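Participant: Pasting a structure here, questions to come.
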Amino acid sequence: MVELSQAINLRIRLIYYPPYHSKYNPIERCWAALENYWNGAILDSIEVAIKWASNMTWKGIAPIVHRVEATYEKGIKVLSQELEHYQTFWQPSETLPKWHITIFPV
């Protein structure tokens, strides 16, 4: 995000949602709409779930749905010395420093 901010010369505000706050998490709202749409249908295979998700529309727009078979690696962390260069462009919020930062391009 720092590199994007610098490339387009734009200040970027990042506001993270704390874990388990589904009310504010857009993907959780999407799941809620999808659960409402399939209305208790039995999703007994990946193909059935993909079919239901593919047929859903929102404001007349159909989603692009595909199966991701890659493994999501957990526990990968960036070393603090690798972040030092980027952190010089970050300004944490005074009230929510863990969840809200602003990235400055200069």
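Order determines the names: the first chain of the structure tokens is A, the second B, and so forth; residues in each chain are numbered 1 upward, and ligands are numbered 1 upward as they are shown.
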Name all residues at most 10 Å from segment 91-99 of chain A (count only C-alpha atoms; drop same-chain ones fewer than 2 positions away) and give them as a PyMOL selection string.

Facilitator: chain A and resi 13-18+87-89+101-104

Participant: List every residue of chain A that DSSP, applied to the backbone of this structure, places in strand (DSSP E or B), and write the result as JSON, numbers by chain.

Facilitator: {"A": [12, 13, 14, 15, 58, 61, 90, 91, 92, 100, 101, 102, 103]}

Participant: Take the residues that were just selected and, keeping C-alpha atoms, output them as a compact mmCIF listing (two decimals), in the first residue's frame.

Facilitator:
# COMPACT_ATOMS: atom_id res chain seq x y z
CA ILE A 12 -4.48 6.27 1.89
CA ARG A 13 -6.42 5.57 5.07
CA LEU A 14 -6.59 1.94 6.18
CA ILE A 15 -9.18 1.00 8.73
CA TRP A 58 -27.33 -8.09 -6.54
CA ILE A 61 -25.21 -7.85 -11.29
CA TRP A 90 2.51 5.29 8.35
CA GLN A 91 0.75 7.51 10.84
CA PRO A 92 -1.33 5.56 13.38
CA HIS A 100 -6.54 2.72 11.76
CA ILE A 101 -3.47 4.08 9.98
CA THR A 102 -2.88 6.69 7.31
CA ILE A 103 -0.21 6.17 4.66

Participant: Which is closest to Trp38 of chain A among A:Ala53, A:Ile76, A:Ala62, A:Met1, if we use only C-alpha atoms?

Facilitator: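 Nearest candidate to Trp38 of chain A out of A:Ala53, A:Ile76, A:Ala62, A:Met1: A:Ala53.
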
Participant: For the alpha helix (DSSP H) assignment from backbone DSSP, which residues of chain A qualify? Please present them as a PyMOL selection string.

Facilitator: chain A and resi 2-8+26-38+46-55+80-87

Participant: Which of these residues is nearest to Val48 of chain A, using only C-alpha atoms: A:Lys77, A:Glu82, A:Pro105, A:Arg67?

Facilitator: A:Arg67

Participant: Could you list, as a ChimeraX atom specification, every residue within 7 Å of Gln6 of chain A, counting only C-alpha atoms and ignoring same-chain residues fewer than 4 positions away?

Facilitator: /A:2,10,105-106

Participant: Would you export the selected residues with N, CA and C atoms as a short mmCIF file (atom, residue, chain, number, x, y, z; two decimals), in the first residue's frame, please?

Facilitator:
data_model
loop_
_atom_site.label_atom_id
_atom_site.label_comp_id
_atom_site.auth_asym_id
_atom_site.auth_seq_id
_atom_site.Cartn_x
_atom_site.Cartn_y
_atom_site.Cartn_z
N VAL A 2 2.01 1.18 0.66
CA VAL A 2 2.93 2.33 0.66
C VAL A 2 3.39 2.62 -0.77
N LEU A 10 -0.99 9.76 -3.41
CA LEU A 10 -2.27 9.89 -2.72
C LEU A 10 -2.17 9.36 -1.30
N PRO A 105 2.20 9.57 0.98
CA PRO A 105 3.06 9.27 -0.15
C PRO A 105 4.46 9.88 -0.06
N VAL A 106 4.62 10.91 0.73
CA VAL A 106 5.93 11.59 0.80
C VAL A 106 6.60 11.30 2.12
#

Participant: Restricting the calculation to only C-alpha atoms: of A:Ile64, A:Glu69, A:Lys59, A:Leu34, which residue gets closest to Ile46 of chain A?

Facilitator: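 Result for the nearest residue to Ile46 of chain A: A:Glu69.
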
Participant: Determine, counting only C-alpha atoms, which protein, DNA and RNA residues have an atom within 10 Å of an atom of Tyr37 of chain A; residues of the same chain fewer than 2 positions away are not included. Present the result as a CSV table (one decimal) with N, CA and C atoms, in the first residue's frame.

Facilitator:
chain,number,residue,atom,x,y,z
A,31,TRP,N,-22.0,-13.3,2.9
A,31,TRP,CA,-22.4,-14.6,3.3
A,31,TRP,C,-23.8,-14.6,3.8
A,32,ALA,N,-24.2,-13.6,4.5
A,32,ALA,CA,-25.6,-13.5,5.0
A,32,ALA,C,-26.6,-13.4,3.9
A,33,ALA,N,-26.2,-12.6,2.9
A,33,ALA,CA,-27.1,-12.5,1.7
A,33,ALA,C,-27.2,-13.8,0.9
A,34,LEU,N,-26.1,-14.5,0.8
A,34,LEU,CA,-26.1,-15.7,0.1
A,34,LEU,C,-26.9,-16.8,0.9
A,35,GLU,N,-26.7,-16.8,2.2
A,35,GLU,CA,-27.5,-17.8,3.0
A,35,GLU,C,-29.0,-17.5,2.9
A,39,ASN,N,-31.8,-20.1,0.9
A,39,ASN,CA,-33.0,-20.4,1.7
A,39,ASN,C,-33.1,-21.8,2.2
A,40,GLY,N,-32.0,-22.3,2.8
A,40,GLY,CA,-32.0,-23.6,3.4
A,40,GLY,C,-31.8,-24.8,2.5
A,41,ALA,N,-31.4,-24.5,1.2
A,41,ALA,CA,-31.1,-25.6,0.3
A,41,ALA,C,-29.9,-26.4,0.8
A,52,TRP,N,-25.4,-22.3,-6.9
A,52,TRP,CA,-26.2,-21.3,-6.1
A,52,TRP,C,-25.6,-20.0,-6.1
A,53,ALA,N,-24.3,-19.9,-5.8
A,53,ALA,CA,-23.6,-18.6,-5.7
A,53,ALA,C,-23.5,-17.9,-7.1
A,55,ASN,N,-25.7,-18.1,-9.5
A,55,ASN,CA,-27.0,-17.7,-10.0
A,55,ASN,C,-27.6,-16.5,-9.2
A,56,MET,N,-26.9,-16.1,-8.1
A,56,MET,CA,-27.3,-15.0,-7.3
A,56,MET,C,-27.0,-13.7,-8.0
A,57,THR,N,-27.9,-12.7,-7.9
A,57,THR,CA,-27.6,-11.4,-8.4
A,57,THR,C,-27.8,-10.3,-7.3
